[in-house]
>>> print(open('query.cif').read())   # mmCIF, C-alpha atoms and all ligand atoms
data_entry
#
loop_
_atom_site.label_atom_id
_atom_site.label_comp_id
_atom_site.auth_asym_id
_atom_site.auth_seq_id
_atom_site.Cartn_x
_atom_site.Cartn_y
_atom_site.Cartn_z
CA MET A 62 -3.57 -22.88 76.16
CA LYS A 63 -5.18 -21.68 79.33
CA ALA A 64 -7.31 -18.52 79.34
CA ARG A 65 -5.50 -16.07 81.62
CA LYS A 66 -4.60 -12.44 82.27
CA LEU A 67 -1.17 -11.23 81.14
CA VAL A 68 0.79 -8.05 81.71
CA LEU A 69 2.90 -7.29 78.62
CA GLN A 70 6.25 -6.06 79.87
CA ALA A 71 9.25 -4.73 77.96
CA VAL A 72 12.63 -4.91 79.69
CA VAL A 73 15.14 -2.39 78.33
CA MET A 74 18.52 -1.99 79.98
CA GLY A 75 17.30 -3.43 83.24
CA PHE A 76 14.23 -1.25 83.43
CA SER A 77 10.88 -2.87 82.97
CA ALA A 78 7.82 -1.09 81.65
CA ASN A 79 4.33 -2.49 81.65
CA ILE A 80 2.86 -1.91 78.23
CA ALA A 81 -0.59 -3.44 78.51
CA THR A 82 -2.73 -5.82 80.53
CA ILE A 83 -4.49 -8.30 78.32
CA LYS A 84 -6.79 -11.24 78.73
CA ILE A 85 -6.06 -14.36 76.67
CA GLY A 86 -9.56 -15.59 76.03
CA ASN A 87 -11.23 -18.68 74.79
CA PRO A 88 -11.50 -18.83 71.02
CA ALA A 89 -14.82 -19.41 69.37
CA LYS A 90 -15.72 -23.03 69.83
CA GLU A 91 -17.49 -25.51 67.69
CA ARG A 92 -20.44 -27.29 69.28
CA ALA A 93 -19.16 -30.68 70.35
CA LEU A 94 -20.95 -33.95 69.68
CA SER A 95 -21.62 -34.21 73.42
CA ASP A 96 -23.53 -30.89 73.28
CA TYR A 97 -26.26 -32.37 71.14
CA THR A 98 -26.08 -36.14 71.60
CA ASP A 99 -26.16 -38.68 74.44
CA LEU A 100 -24.62 -42.13 74.69
CA LEU A 101 -27.09 -44.73 75.96
CA CYS A 102 -27.30 -48.44 76.61
CA PRO A 103 -28.05 -50.04 73.22
CA GLN A 104 -30.47 -52.54 74.81
CA ASP A 105 -32.93 -50.42 76.79
CA LYS A 106 -31.82 -46.85 75.91
CA LYS A 107 -31.06 -45.97 79.56
CA LYS A 108 -28.11 -43.81 80.63
CA PRO A 109 -25.18 -46.04 81.64
CA HIS A 110 -22.79 -45.22 84.47
CA TYR A 111 -19.05 -45.54 84.28
CA GLU A 112 -17.20 -47.64 86.85
CA THR A 113 -14.16 -49.91 86.92
CA SER A 114 -13.32 -49.11 83.29
CA HIS A 115 -16.76 -50.17 82.03
CA TYR A 116 -19.94 -48.43 80.95
CA ARG A 117 -22.58 -50.36 82.91
CA CYS A 118 -26.36 -50.31 82.64
CA ASP A 119 -28.81 -51.52 85.28
CA CYS A 120 -30.14 -54.05 82.75
CA GLY A 121 -26.82 -55.89 82.95
CA PHE A 122 -25.28 -54.53 79.74
CA SER A 123 -21.65 -53.45 79.92
CA THR A 124 -19.01 -52.30 77.46
CA THR A 125 -15.47 -51.00 77.79
CA THR A 126 -15.63 -48.28 75.13
CA TRP A 127 -18.11 -45.56 74.27
CA GLN A 128 -18.26 -46.98 70.75
CA GLY A 129 -20.22 -49.87 72.27
CA LEU A 130 -23.00 -47.48 73.31
CA ALA A 131 -25.84 -46.11 71.20
CA ARG A 132 -25.53 -42.45 70.18
CA VAL A 133 -28.90 -40.65 70.25
CA LEU A 134 -30.14 -37.07 69.86
CA LYS A 135 -29.82 -35.39 73.28
CA GLY A 136 -32.79 -36.02 75.55
CA THR A 137 -34.36 -38.55 73.16
CA THR A 138 -33.91 -42.17 72.09
CA THR A 139 -33.72 -41.22 68.40
CA PRO A 140 -30.60 -42.78 66.90
CA PHE A 141 -28.03 -40.20 65.78
CA GLU A 142 -26.77 -40.94 62.28
CA MET A 143 -23.25 -40.02 61.16
CA PRO A 144 -23.09 -41.02 57.51
CA THR A 145 -19.73 -41.29 55.77
CA LEU A 146 -19.21 -38.53 53.18
CA THR A 147 -16.00 -39.69 51.52
CA LYS A 148 -15.58 -42.52 49.07
CA GLY A 149 -12.87 -43.97 51.23
CA ASN A 150 -9.84 -45.96 50.07
CA GLY A 151 -7.68 -42.85 50.28
CA GLU A 152 -9.29 -41.41 47.15
CA VAL A 153 -8.67 -37.78 46.27
CA GLU A 154 -11.56 -35.54 47.31
CA ILE A 155 -12.73 -32.44 45.46
CA ALA A 156 -12.51 -29.13 47.34
CA LYS A 157 -14.67 -26.38 45.82
CA ILE A 158 -13.11 -22.91 45.70
CA PHE A 159 -14.96 -19.69 46.56
CA LYS A 160 -14.00 -16.11 47.28
CA MET A 161 -15.38 -13.54 49.73
CA THR A 162 -14.46 -9.88 50.34
CA LEU A 163 -12.44 -9.11 53.46
CA ALA A 164 -15.22 -6.79 54.64
CA ALA A 165 -17.75 -9.58 54.48
CA PHE A 166 -15.32 -11.99 56.07
CA ALA A 167 -14.61 -9.63 58.99
CA LYS A 168 -18.27 -9.97 59.94
CA ILE A 169 -17.97 -13.72 60.36
CA SER A 170 -14.45 -13.75 61.76
CA ASP A 171 -15.69 -15.33 64.97
CA TYR A 172 -15.80 -18.56 63.07
CA VAL A 173 -12.07 -18.69 62.45
CA ASP A 174 -11.01 -21.68 64.40
CA ALA A 175 -8.12 -21.39 66.83
CA LYS A 176 -8.61 -24.95 68.06
CA ASP A 177 -7.59 -26.83 64.97
CA ALA A 178 -4.95 -24.27 63.95
CA GLU A 179 -3.39 -24.38 60.52
CA HIS A 180 -2.40 -27.17 58.22
CA PRO A 181 0.54 -26.62 55.86
CA VAL A 182 -0.15 -27.01 52.17
CA THR A 183 2.29 -28.62 49.75
CA ALA A 184 1.90 -29.34 46.05
CA GLU A 185 4.01 -31.43 43.74
CA ASP A 186 3.38 -30.21 40.23
CA GLU A 187 4.42 -26.82 38.96
CA GLY A 188 0.98 -25.94 37.60
CA SER A 189 -0.61 -26.39 41.02
CA ILE A 190 2.07 -24.31 42.69
CA VAL A 191 1.69 -21.48 40.19
CA ASN A 192 -2.09 -21.45 40.64
CA LEU A 193 -1.83 -21.55 44.44
CA TYR A 194 0.49 -18.59 44.23
CA LYS A 195 -1.97 -16.67 42.04
CA LEU A 196 -4.87 -17.35 44.40
CA ILE A 197 -2.85 -16.15 47.37
CA VAL A 198 -1.56 -13.02 45.62
CA ALA A 199 -4.90 -12.14 44.07
CA GLN A 200 -6.83 -12.40 47.33
CA THR A 201 -4.40 -10.06 49.09
CA GLU A 202 -4.33 -7.58 46.21
CA THR A 203 -8.09 -7.46 45.76
CA GLY A 204 -9.16 -7.71 49.40
CA HIS A 205 -10.70 -11.16 49.29
CA VAL A 206 -10.35 -14.38 51.22
CA ILE A 207 -10.33 -17.73 49.47
CA ILE A 208 -12.64 -20.32 50.97
CA LEU A 209 -12.41 -24.06 50.37
CA LYS A 210 -15.04 -26.65 51.12
CA TRP A 211 -14.61 -30.40 51.00
CA ASN A 212 -15.81 -33.63 52.56
CA ASP A 213 -13.87 -35.26 55.34
CA THR A 214 -14.82 -38.78 56.41
CA LYS A 215 -18.01 -37.74 58.17
CA GLU A 216 -17.90 -33.95 58.25
CA GLU A 217 -17.85 -31.16 55.72
CA ILE A 218 -14.77 -29.00 56.12
CA ILE A 219 -14.83 -25.24 55.49
CA ALA A 220 -11.40 -23.64 55.41
CA LEU A 221 -9.44 -20.60 54.29
CA LEU A 222 -6.56 -20.86 51.86
CA THR A 223 -4.15 -18.34 53.31
CA THR A 224 -0.63 -17.74 54.59
CA THR A 225 0.93 -17.58 58.03
CA LEU A 226 2.72 -14.44 59.17
CA SER A 227 5.97 -15.98 57.90
CA GLY A 228 4.47 -16.50 54.46
CA LYS A 229 3.84 -20.25 54.46
CA ILE A 230 0.75 -21.39 52.62
CA VAL A 231 -1.76 -23.00 54.94
CA VAL A 232 -5.33 -24.17 55.10
CA ARG A 233 -7.05 -22.81 58.20
CA LYS A 234 -10.22 -24.59 59.20
CA ILE A 235 -13.07 -22.37 60.28
CA ILE A 236 -16.10 -23.20 62.39
CA PRO A 237 -19.31 -23.33 60.38
CA PRO A 238 -21.49 -20.37 61.49
CA ASN A 239 -24.32 -22.79 62.27
CA LEU A 240 -22.12 -24.61 64.83
CA VAL A 241 -20.33 -21.73 66.50
CA ILE A 242 -20.19 -20.76 70.17
CA VAL A 243 -18.59 -17.30 69.95
CA GLY A 244 -15.65 -16.10 72.03
CA GLU A 245 -14.69 -12.56 73.06
CA SER A 246 -12.16 -10.61 71.01
CA LEU A 247 -10.73 -7.21 70.09
CA MET A 248 -10.64 -6.11 66.50
CA LEU A 249 -8.27 -3.80 64.67
CA ASP A 250 -9.78 -1.07 62.49
CA GLN A 251 -6.88 0.71 60.83
CA SER A 252 -9.12 3.07 58.88
CA LYS A 253 -9.60 5.06 62.10
CA MET A 254 -5.84 5.65 62.55
CA THR A 255 -4.25 9.01 61.68
CA LYS A 256 -0.73 9.47 60.27
CA GLN A 257 0.32 10.85 63.64
CA ASP A 258 -1.04 7.74 65.41
CA ILE A 259 1.09 5.62 63.12
CA GLU A 260 4.22 7.72 63.66
CA GLU A 261 3.74 7.48 67.42
CA ALA A 262 3.21 3.76 67.12
CA LYS A 263 6.51 3.40 65.24
CA LEU A 264 8.39 5.30 67.94
CA PHE A 265 6.75 3.10 70.53
CA LEU A 266 7.96 -0.04 68.74
CA LYS A 267 11.54 1.25 68.79
CA GLN A 268 11.53 0.93 72.57
CA ILE A 269 10.65 -2.76 72.42
CA PRO A 270 13.76 -5.01 72.68
CA ASP A 271 14.69 -7.34 69.80
CA ALA A 272 13.96 -11.05 70.24
CA THR A 273 17.06 -13.26 70.51
CA ASP A 274 17.53 -17.02 70.01
CA GLU A 275 17.21 -17.37 73.75
CA VAL A 276 13.75 -15.85 73.66
CA LEU A 277 12.64 -18.43 71.11
CA THR A 278 14.04 -21.39 73.08
CA VAL A 279 12.11 -23.14 75.84
CA THR A 280 13.84 -24.35 79.00
CA ASP A 281 10.91 -26.07 80.75
CA TYR A 282 10.37 -29.79 81.52
CA ARG A 283 10.06 -30.65 77.83
CA MET A 284 13.77 -30.07 77.32
CA LYS A 285 14.65 -32.71 79.91
CA GLN A 286 12.04 -35.06 78.54
CA PHE A 287 12.89 -35.16 74.86
CA GLU A 288 16.41 -33.78 74.70
CA VAL A 289 15.45 -31.55 71.80
CA HIS A 290 18.54 -29.42 71.48
CA GLN A 291 18.21 -27.79 68.14
CA PRO A 292 15.50 -27.13 65.63
CA GLU A 293 15.03 -29.66 62.86
CA GLU A 294 16.00 -28.83 59.32
CA SER A 295 13.40 -26.75 57.57
CA LYS A 296 11.24 -28.47 54.95
CA VAL A 297 10.02 -25.32 53.28
CA THR A 298 9.93 -25.09 49.48
CA ALA A 299 10.49 -21.62 48.10
CA ILE A 300 7.79 -20.75 45.61
CA GLY A 301 9.77 -17.84 44.20
CA ALA A 302 12.24 -20.13 42.45
CA ILE A 303 9.50 -22.37 41.06
CA MET A 304 7.68 -19.31 39.74
CA GLU A 305 10.81 -18.11 38.04
CA LYS A 306 11.29 -21.42 36.27
CA ALA A 307 7.66 -21.54 35.25
CA ARG A 308 7.86 -18.01 33.93
CA ALA A 309 10.92 -18.71 31.89
CA ARG A 310 9.30 -21.78 30.36
CA LYS A 311 5.75 -20.60 29.79
CA GLU A 312 6.34 -16.88 29.67
CA ILE A 313 3.36 -16.20 31.84
CA VAL A 314 2.14 -12.71 31.14
CA ASP A 315 0.45 -11.87 34.35
CA LYS A 316 0.89 -8.75 36.37
CA THR A 317 0.46 -10.52 39.67
CA THR A 318 3.45 -12.76 39.05
CA LYS A 319 5.79 -9.78 38.72
CA ARG A 320 5.71 -9.17 42.42
CA GLU A 321 8.44 -10.82 44.36
CA ILE A 322 6.96 -12.73 47.22
CA ILE A 323 6.09 -15.47 49.50
CA VAL A 324 7.82 -18.41 50.90
CA GLN A 325 11.50 -18.17 51.58
CA THR A 326 13.54 -20.89 53.13
CA GLN A 327 13.99 -20.12 56.77
CA THR A 328 17.46 -19.49 57.95
CA LYS A 329 17.99 -21.64 60.98
CA LYS A 330 20.40 -20.48 63.59
CA LYS A 331 21.80 -23.08 65.87
CA PRO A 332 21.23 -22.23 69.51
CA LYS A 333 24.48 -21.61 71.31
CA LYS A 334 25.30 -24.42 73.68
ZN ZN B 401 -29.44 -51.25 79.60
#
>>> encode(input="query.cif", output="structure tokens")
Amino acid sequence: MKARKLVLQAVVMGFSANIATIKIGNPAKERALSDYTDLLCPQDKKKPHYETSHYRCDCGFSTTTWQGLARVLKGTTTPFEMPTLTKGNGEVEIAKIFKMTLAAFAKISDYVDAKDAEHPVTAEDEGSIVNLYKLIVAQTETGHVIILKWNDTKEEIIALLTTTLSGKIVVRKIIPPNLVIVGESLMLDQSKMTKQDIEEAKLFLKQIPDATDEVLTVTDYRMKQFEVHQPEESKVTAIGAIMEKARARKEIVDKTTKREIIVQTQTKKKPKK
């Protein structure tokens, strides 16, 4: 998504009101490999040039892909090592679980990655689902975030175990603080809001029109391209039902499980056509 300025406008009964002017910024970025390494000719460690689909060096060396070049620490000829961290063969990796208070997490929130977005989490056995549910509920109730850390092929991944606004469980990768290039942002501090502020805010929201199916449907070039006419069937599993079954069977005595929550199957409305 391009960084740009936007005027937020509400249209009510033909009248438009500008609510706010905002700037969509660039999220915090992770330092890219190209920021700290160079690709050189493997024979004489000179910088190759790219022409006619080849990386060519003055010494006569040429290759069609960057993989054929030598990766070195930027500005040096020291080889840059990228050791493999996983065992390979599709083996299951261990992710260590940690927790952190929200207050502490707010201080490092620049490292939440908007580039790699969120990855949905699914689990097959009931025990896993029940424990996922407990982690999610407990972190919300006690003001913590749950942090996971595991090895990907060559990189260590640090991620949050959390939910989307619609309540789906996701893993959200964050940028390691030692690799971050921070972006600009605004932060909400609700502790500074009075009751009156909140009442006014509620009245304000009443003036905002409701979103319709049409609002959530795109009509740009992609529609012509792919002929996507209606949303696919949802593949969401409702945890509530699984929890109920588990409770009936194991009689889990746990306060946190008494709350009714989380993932509900989405109701899909077919767009009118
Ligand atoms: Zn060369």
>>> atom_distance(input="query.cif", atom1="atom CA of A:Ile219", atom2="atom CA of A:Thr203")
21.4 Å
>>> residues_near_ligand(input="query.cif", ligand="ligand ZN 401 (chain B)", cutoff="12 Å", atoms="all atoms listed in the file", output="list in words")
Leu100, Leu101, Cys102, Pro103, Gln104, Asp105, Lys106, Lys107, Lys108, Pro109, His110, Tyr116, Arg117, Cys118, Asp119, Cys120, Gly121, Phe122, Ser123, Thr124, Gly129, Leu130 and Ala131 of chain A
>>> atom_distance(input="query.cif", atom1="atom CA of A:Arg283", atom2="atom CA of A:Ser295")
20.9 Å
>>> atom_distance(input="query.cif", atom1="atom CA of A:Thr82", atom2="atom CA of A:Glu245")
15.6 Å
>>> closest_residue(input="query.cif", among="A:Ala89, A:Leu209, A:Ala71, A:Leu240", to="A:Leu266", atoms="all atoms listed in the file")
A:Ala71
>>> closest_atom_pairs(input="query.cif", of="stretch 230-302 of chain A", to="stretch 181-195 of chain A", cutoff="7 Å", atoms="all atoms listed in the file", output="Markdown table")
| residue | atom | partner | partner_atom | distance |
| --- | --- | --- | --- | --- |
| A:Ile230 | CA | A:Val182 | CA | 5.7 |
| A:Val231 | CA | A:Pro181 | CA | 4.4 |
| A:Val232 | CA | A:Pro181 | CA | 6.4 |
>>> closest_residue(input="query.cif", among="A:Val243, A:Gly136, A:Leu226, A:Trp127", to="A:Ser114", atoms="only C-alpha atoms")
A:Trp127
>>> closest_residue(input="query.cif", among="A:Gly228, A:Lys63, A:Ile242, A:Asp281", to="A:Gly301", atoms="all atoms listed in the file")
A:Gly228
>>> residues_around(input="query.cif", residues="A:Phe141", least_positions_apart="2", cutoff="6 Å", atoms="all atoms listed in the file", output="list of chain:residue names")
A:Arg132, A:Val133, A:Leu134
